[in-house]
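As stored in entry12.pdb (PDB, C-alpha atoms):
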```pdb
MODEL        1
ATOM      1  CA  MET M 605      75.270-158.431 158.756
ATOM      2  CA  ASN M 606      72.397-160.870 159.111
ATOM      3  CA  THR M 607      69.538-160.564 156.615
ATOM      4  CA  ASP M 608      66.907-162.200 158.880
ATOM      5  CA  PRO M 609      67.626-161.716 162.604
ATOM      6  CA  ILE M 610      64.380-163.433 163.690
ATOM      7  CA  ALA M 611      65.270-166.600 161.743
ATOM      8  CA  ASP M 612      68.734-166.475 163.348
ATOM      9  CA  TYR M 613      67.098-166.216 166.810
ATOM     10  CA  LEU M 614      64.831-169.205 166.125
ATOM     11  CA  THR M 615      67.717-171.249 164.672
ATOM     12  CA  ARG M 616      69.916-170.593 167.720
ATOM     13  CA  VAL M 617      67.102-171.798 170.011
ATOM     14  CA  ARG M 618      66.455-174.846 167.779
ATOM     15  CA  ASN M 619      70.168-175.776 167.694
ATOM     16  CA  ALA M 620      70.525-175.376 171.471
ATOM     17  CA  ILE M 621      67.546-177.718 172.003
ATOM     18  CA  LYS M 622      69.043-180.332 169.665
ATOM     19  CA  ALA M 623      72.365-180.092 171.554
ATOM     20  CA  ASN M 624      70.512-180.371 174.927
ATOM     21  CA  GLN M 625      71.980-177.089 176.161
ATOM     22  CA  ARG M 626      70.470-175.352 179.173
ATOM     23  CA  VAL M 627      71.250-171.739 178.192
ATOM     24  CA  VAL M 628      71.526-170.044 174.799
ATOM     25  CA  GLU M 629      72.921-166.547 174.222
ATOM     26  CA  ILE M 630      71.408-164.441 171.418
ATOM     27  CA  PRO M 631      72.200-160.888 170.185
ATOM     28  CA  ALA M 632      69.403-158.605 171.366
ATOM     29  CA  SER M 633      66.890-156.417 169.557
ATOM     30  CA  ASN M 634      63.544-155.028 170.678
ATOM     31  CA  LEU M 635      61.559-157.549 168.586
ATOM     32  CA  LYS M 636      63.621-160.490 169.895
ATOM     33  CA  LYS M 637      63.047-159.291 173.476
ATOM     34  CA  GLU M 638      59.283-159.234 172.878
ATOM     35  CA  ILE M 639      59.335-162.734 171.322
ATOM     36  CA  THR M 640      61.319-163.964 174.353
ATOM     37  CA  LYS M 641      58.728-162.465 176.733
ATOM     38  CA  VAL M 642      55.886-164.228 174.855
ATOM     39  CA  LEU M 643      57.731-167.577 174.967
ATOM     40  CA  PHE M 644      58.298-167.146 178.723
ATOM     41  CA  ASP M 645      54.666-166.150 179.415
ATOM     42  CA  LYS M 646      53.394-169.217 177.547
ATOM     43  CA  GLY M 647      55.786-171.563 179.393
ATOM     44  CA  TYR M 648      58.053-172.585 176.507
ATOM     45  CA  ILE M 649      61.260-171.320 178.173
ATOM     46  CA  ALA M 650      62.323-171.508 181.821
ATOM     47  CA  ASN M 651      63.805-168.024 182.208
ATOM     48  CA  TYR M 652      65.492-165.164 180.373
ATOM     49  CA  LYS M 653      67.843-162.279 181.127
ATOM     50  CA  PHE M 654      68.589-159.157 179.108
ATOM     51  CA  GLU M 655      72.236-158.051 179.290
ATOM     52  CA  ASP M 656      73.222-154.552 178.131
ATOM     53  CA  ASN M 657      76.900-154.967 177.291
ATOM     54  CA  GLY M 658      78.099-152.983 174.305
ATOM     55  CA  PRO M 659      75.861-151.212 171.814
ATOM     56  CA  GLN M 660      73.546-154.176 171.164
ATOM     57  CA  GLY M 661      73.429-156.370 174.263
ATOM     58  CA  ASN M 662      72.497-160.033 174.605
ATOM     59  CA  ILE M 663      69.543-162.158 175.615
ATOM     60  CA  LYS M 664      70.315-165.209 177.763
ATOM     61  CA  VAL M 665      67.503-167.753 177.411
ATOM     62  CA  ALA M 666      67.253-170.701 179.817
ATOM     63  CA  LEU M 667      65.542-173.524 177.946
ATOM     64  CA  LYS M 668      62.903-175.679 179.629
ATOM     65  CA  TYR M 669      63.155-179.477 179.738
ATOM     66  CA  HIS M 670      60.977-182.170 181.336
ATOM     67  CA  PRO M 671      62.678-183.189 184.621
ATOM     68  CA  VAL M 672      62.357-186.956 184.060
ATOM     69  CA  THR M 673      62.324-187.553 180.298
ATOM     70  CA  LYS M 674      64.592-184.557 179.426
ATOM     71  CA  VAL M 675      62.318-183.648 176.479
ATOM     72  CA  SER M 676      62.257-179.959 175.551
ATOM     73  CA  ALA M 677      59.096-177.889 176.052
ATOM     74  CA  ILE M 678      59.573-176.590 172.487
ATOM     75  CA  ARG M 679      59.014-179.433 170.036
ATOM     76  CA  SER M 680      59.058-177.248 166.949
ATOM     77  CA  ILE M 681      59.759-173.567 166.313
ATOM     78  CA  THR M 682      59.275-172.494 162.686
ATOM     79  CA  ARG M 683      59.657-169.160 160.900
ATOM     80  CA  ILE M 684      56.563-168.316 158.818
ATOM     81  CA  SER M 685      56.896-164.759 157.493
ATOM     82  CA  LYS M 686      60.246-164.448 155.720
ATOM     83  CA  PRO M 687      61.892-161.327 154.264
ATOM     84  CA  GLY M 688      61.288-162.650 150.736
ATOM     85  CA  LEU M 689      57.636-163.532 151.360
ATOM     86  CA  ARG M 690      55.825-161.773 154.192
ATOM     87  CA  LYS M 691      52.751-163.525 155.638
ATOM     88  CA  TYR M 692      49.970-161.422 157.123
ATOM     89  CA  ALA M 693      46.765-162.619 158.760
ATOM     90  CA  GLY M 694      43.620-160.747 159.663
ATOM     91  CA  SER M 695      41.633-161.505 162.801
ATOM     92  CA  ALA M 696      39.273-163.725 160.769
ATOM     93  CA  THR M 697      42.013-165.654 158.914
ATOM     94  CA  MET M 698      44.281-166.213 161.931
ATOM     95  CA  PRO M 699      46.164-169.547 161.703
ATOM     96  CA  ARG M 700      45.547-172.269 164.302
ATOM     97  CA  VAL M 701      48.726-174.084 165.286
ATOM     98  CA  LEU M 702      48.262-177.801 165.999
ATOM     99  CA  ASN M 703      44.492-177.193 166.226
ATOM    100  CA  GLY M 704      44.938-174.754 169.111
ATOM    101  CA  LEU M 705      47.620-176.633 171.085
ATOM    102  CA  GLY M 706      50.528-174.519 169.803
ATOM    103  CA  ILE M 707      50.918-170.765 169.437
ATOM    104  CA  ALA M 708      51.559-168.438 166.524
ATOM    105  CA  ILE M 709      53.554-165.344 167.447
ATOM    106  CA  LEU M 710      52.342-162.228 165.640
ATOM    107  CA  SER M 711      53.704-158.739 165.257
ATOM    108  CA  THR M 712      50.702-156.405 165.390
ATOM    109  CA  SER M 713      50.141-152.672 165.681
ATOM    110  CA  LYS M 714      49.551-153.261 169.423
ATOM    111  CA  GLY M 715      52.875-155.120 169.867
ATOM    112  CA  VAL M 716      54.045-158.738 169.725
ATOM    113  CA  MET M 717      51.426-161.247 170.917
ATOM    114  CA  THR M 718      50.040-164.735 170.365
ATOM    115  CA  ASP M 719      47.307-165.633 167.898
ATOM    116  CA  LYS M 720      44.771-166.150 170.712
ATOM    117  CA  GLU M 721      45.412-162.686 172.183
ATOM    118  CA  ALA M 722      45.105-161.106 168.710
ATOM    119  CA  ARG M 723      41.797-162.922 168.114
ATOM    120  CA  VAL M 724      40.408-161.590 171.427
ATOM    121  CA  GLN M 725      41.490-158.022 170.558
ATOM    122  CA  ASN M 726      40.190-158.499 166.984
ATOM    123  CA  ILE M 727      43.412-157.380 165.276
ATOM    124  CA  GLY M 728      45.645-158.966 162.636
ATOM    125  CA  GLY M 729      49.328-158.695 161.852
ATOM    126  CA  GLU M 730      52.438-160.378 160.521
ATOM    127  CA  VAL M 731      52.759-164.058 161.477
ATOM    128  CA  LEU M 732      56.357-164.333 162.715
ATOM    129  CA  CYS M 733      56.554-167.989 163.776
ATOM    130  CA  PHE M 734      54.760-171.129 164.983
ATOM    131  CA  VAL M 735      55.744-172.734 168.297
ATOM    132  CA  TYR M 736      54.558-176.069 169.693
TER
ENDMDL
END
```
So that I can check it, write out the structure of this file as structure tokens.
Amino acid sequence: MNTDPIADYLTRVRNAIKANQRVVEIPASNLKKEITKVLFDKGYIANYKFEDNGPQGNIKVALKYHPVTKVSAIRSITRISKPGLRKYAGSATMPRVLNGLGIAILSTSKGVMTDKEARVQNIGGEVLCFVY
């Protein structure tokens, strides 16, 4: 059993980018599906597909690369709130990633969203990861 499934998700994506792979397959959970949807909406991944095979299912994520330079759209993806030390942020103390160029993915009472969306709705939550 994995102690931190979100860190495992982020590490699989990070390793696939370093290996220049087009598609990465990740064991599914509801939180991972929501993180995948946020990454797709913000343009960090090309596409995704949820497969329901077995009790858990899989998420197939198609990574996005620049067509000419072959540089990944995700430069860095970092876990912030860990099981040993949870990080929470209110709407006033929301972190800015790369001075607004990156996104922070938050788990709030209204669902998983970016830091900008949480600021607009004036809600805080657990800071899951930074992406830029």
Selection result of the PyMOL selection byres ((chain M and resi 638) around 12) on this file, as a short mmCIF file (atom, residue, chain, number, x, y, z; two decimals) with C-alpha atoms, keeping the file's coordinate frame:
```cif
data_model
loop_
_atom_site.label_atom_id
_atom_site.label_comp_id
_atom_site.auth_asym_id
_atom_site.auth_seq_id
_atom_site.Cartn_x
_atom_site.Cartn_y
_atom_site.Cartn_z
CA ILE M 610 64.38 -163.43 163.69
CA ALA M 632 69.40 -158.60 171.37
CA SER M 633 66.89 -156.42 169.56
CA ASN M 634 63.54 -155.03 170.68
CA LEU M 635 61.56 -157.55 168.59
CA LYS M 636 63.62 -160.49 169.90
CA LYS M 637 63.05 -159.29 173.48
CA ILE M 639 59.34 -162.73 171.32
CA THR M 640 61.32 -163.96 174.35
CA LYS M 641 58.73 -162.46 176.73
CA VAL M 642 55.89 -164.23 174.86
CA LEU M 643 57.73 -167.58 174.97
CA PHE M 644 58.30 -167.15 178.72
CA ASP M 645 54.67 -166.15 179.42
CA TYR M 652 65.49 -165.16 180.37
CA PHE M 654 68.59 -159.16 179.11
CA ILE M 663 69.54 -162.16 175.62
CA ILE M 709 53.55 -165.34 167.45
CA LEU M 710 52.34 -162.23 165.64
CA SER M 711 53.70 -158.74 165.26
CA THR M 712 50.70 -156.40 165.39
CA LYS M 714 49.55 -153.26 169.42
CA GLY M 715 52.88 -155.12 169.87
CA VAL M 716 54.04 -158.74 169.72
CA MET M 717 51.43 -161.25 170.92
CA THR M 718 50.04 -164.74 170.36
CA LEU M 732 56.36 -164.33 162.72
#
```
Shell of 8 Å around region 675-679 of chain M, all atoms listed in the file, local chain residues under 6 positions omitted, as a PyMOL selection string = chain M and resi 621+647-649+667-669+735-736
Those selected residues, please, written with C-alpha atoms and delivered as an mmCIF file, in the frame of the given file.
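Output saved as part-v6.cif:
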```
data_model
loop_
_atom_site.group_PDB
_atom_site.id
_atom_site.type_symbol
_atom_site.label_atom_id
_atom_site.label_comp_id
_atom_site.auth_asym_id
_atom_site.auth_seq_id
_atom_site.Cartn_x
_atom_site.Cartn_y
_atom_site.Cartn_z
ATOM 1 C CA ILE M 621 67.546 -177.718 172.003
ATOM 2 C CA GLY M 647 55.786 -171.563 179.393
ATOM 3 C CA TYR M 648 58.053 -172.585 176.507
ATOM 4 C CA ILE M 649 61.260 -171.320 178.173
ATOM 5 C CA LEU M 667 65.542 -173.524 177.946
ATOM 6 C CA LYS M 668 62.903 -175.679 179.629
ATOM 7 C CA TYR M 669 63.155 -179.477 179.738
ATOM 8 C CA VAL M 735 55.744 -172.734 168.297
ATOM 9 C CA TYR M 736 54.558 -176.069 169.693
#
```
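Between CA of Asn619 (chain M) and CA of Tyr692 (chain M) lies a distance of 26.9 Å.
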inquiry  = If the PyMOL selection byres ((chain M and resi 682) around 10) were run on this exact file, what residues would it hold? Put them as a PyMOL selection string.
reply    = chain M and resi 611+614-615+618+680-681+683-685+708+732-736
Just to be explicit: take each residue in the selection above, keep C-alpha atoms, and write the result as a PDB file, in the frame of the given file.
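Generated file (again_25.pdb):
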```pdb
ATOM      1  CA  ALA M 611      65.270-166.600 161.743  1.00  0.00           C
ATOM      2  CA  LEU M 614      64.831-169.205 166.125  1.00  0.00           C
ATOM      3  CA  THR M 615      67.717-171.249 164.672  1.00  0.00           C
ATOM      4  CA  ARG M 618      66.455-174.846 167.779  1.00  0.00           C
ATOM      5  CA  SER M 680      59.058-177.248 166.949  1.00  0.00           C
ATOM      6  CA  ILE M 681      59.759-173.567 166.313  1.00  0.00           C
ATOM      7  CA  ARG M 683      59.657-169.160 160.900  1.00  0.00           C
ATOM      8  CA  ILE M 684      56.563-168.316 158.818  1.00  0.00           C
ATOM      9  CA  SER M 685      56.896-164.759 157.493  1.00  0.00           C
ATOM     10  CA  ALA M 708      51.559-168.438 166.524  1.00  0.00           C
ATOM     11  CA  LEU M 732      56.357-164.333 162.715  1.00  0.00           C
ATOM     12  CA  CYS M 733      56.554-167.989 163.776  1.00  0.00           C
ATOM     13  CA  PHE M 734      54.760-171.129 164.983  1.00  0.00           C
ATOM     14  CA  VAL M 735      55.744-172.734 168.297  1.00  0.00           C
ATOM     15  CA  TYR M 736      54.558-176.069 169.693  1.00  0.00           C
TER      16      TYR M 736
END
```
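Summary of the local environment: counting all atoms listed in the file, residues at most 8 Å from Asp608 (chain M), other than itself and those fewer than 3 positions away along its chain, are Ala611, Asp612, Lys686 and Pro687 of chain M.
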query = Between CA of Tyr613 (chain M) and CA of Gln660 (chain M), what is the spacing in Å?
reply =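 Those two atoms sit 14.3 Å apart.
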Picked residues, the PyMOL selection byres ((chain M and resi 666) around 6), expected as a VMD selection string = chain M and resid 626 to 627 650 to 652 665 667
Hey, can you spit out that residue selection with C-alpha atoms as a tab-separated table (two decimals), keeping the file's coordinate frame?
```
chain	number	residue	atom	x	y	z
M	626	ARG	CA	70.47	-175.35	179.17
M	627	VAL	CA	71.25	-171.74	178.19
M	650	ALA	CA	62.32	-171.51	181.82
M	651	ASN	CA	63.80	-168.02	182.21
M	652	TYR	CA	65.49	-165.16	180.37
M	665	VAL	CA	67.50	-167.75	177.41
M	667	LEU	CA	65.54	-173.52	177.95
```
Ile727 (chain M): which residues within 8 Å, counting only C-alpha atoms, same-chain residues fewer than 3 positions away excluded, as a PDB file with C-alpha atoms, keeping the file's coordinate frame?
```
ATOM      1  CA  GLY M 694      43.620-160.747 159.663  1.00  0.00           C
ATOM      2  CA  SER M 695      41.633-161.505 162.801  1.00  0.00           C
ATOM      3  CA  THR M 712      50.702-156.405 165.390  1.00  0.00           C
ATOM      4  CA  ALA M 722      45.105-161.106 168.710  1.00  0.00           C
ATOM      5  CA  ARG M 723      41.797-162.922 168.114  1.00  0.00           C
TER       6      ARG M 723
END
```
key: Coordinates-based distance that separates CA of Val628 (chain M) from CA of Lys664 (chain M) (Å, one decimal)   =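 Between CA of Lys664 (chain M) and CA of Val628 (chain M) the gap is 5.8 Å.
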Put the listed atoms of region 670-684 of chain M in a box along x, y and z with 4 Å added on every side and give me the centre and edge lengths in Å to one decimal, as lines of an AutoDock Vina configuration file.
```
center_x = 60.6
center_y = -177.9
center_z = 171.7
size_x = 16.0
size_y = 27.2
size_z = 33.8
```
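If you measure from each of M:Arg616, M:Asp719, M:Pro631, M:Val731 to Gly658 (chain M) using only C-alpha atoms, the closest one turns out to be M:Pro631.
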request  = Mind checking which residues fall within 8 Å of Ala693 (chain M), counting all atoms listed in the file, ignoring those fewer than 4 positions away in the same chain, and posting them as a list of chain:residue names?
outcome  = M:Thr697, M:Met698, M:Pro699, M:Gly728, M:Gly729, M:Glu730, M:Val731
inquiry  = Taking only C-alpha atoms into account, name the residue in M:Lys622, M:Pro659, M:Lys720, M:Lys691 that is nearest to Gly706 (chain M).
reply    =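 Answer, going by the shortest atom-to-atom distance: M:Lys720.
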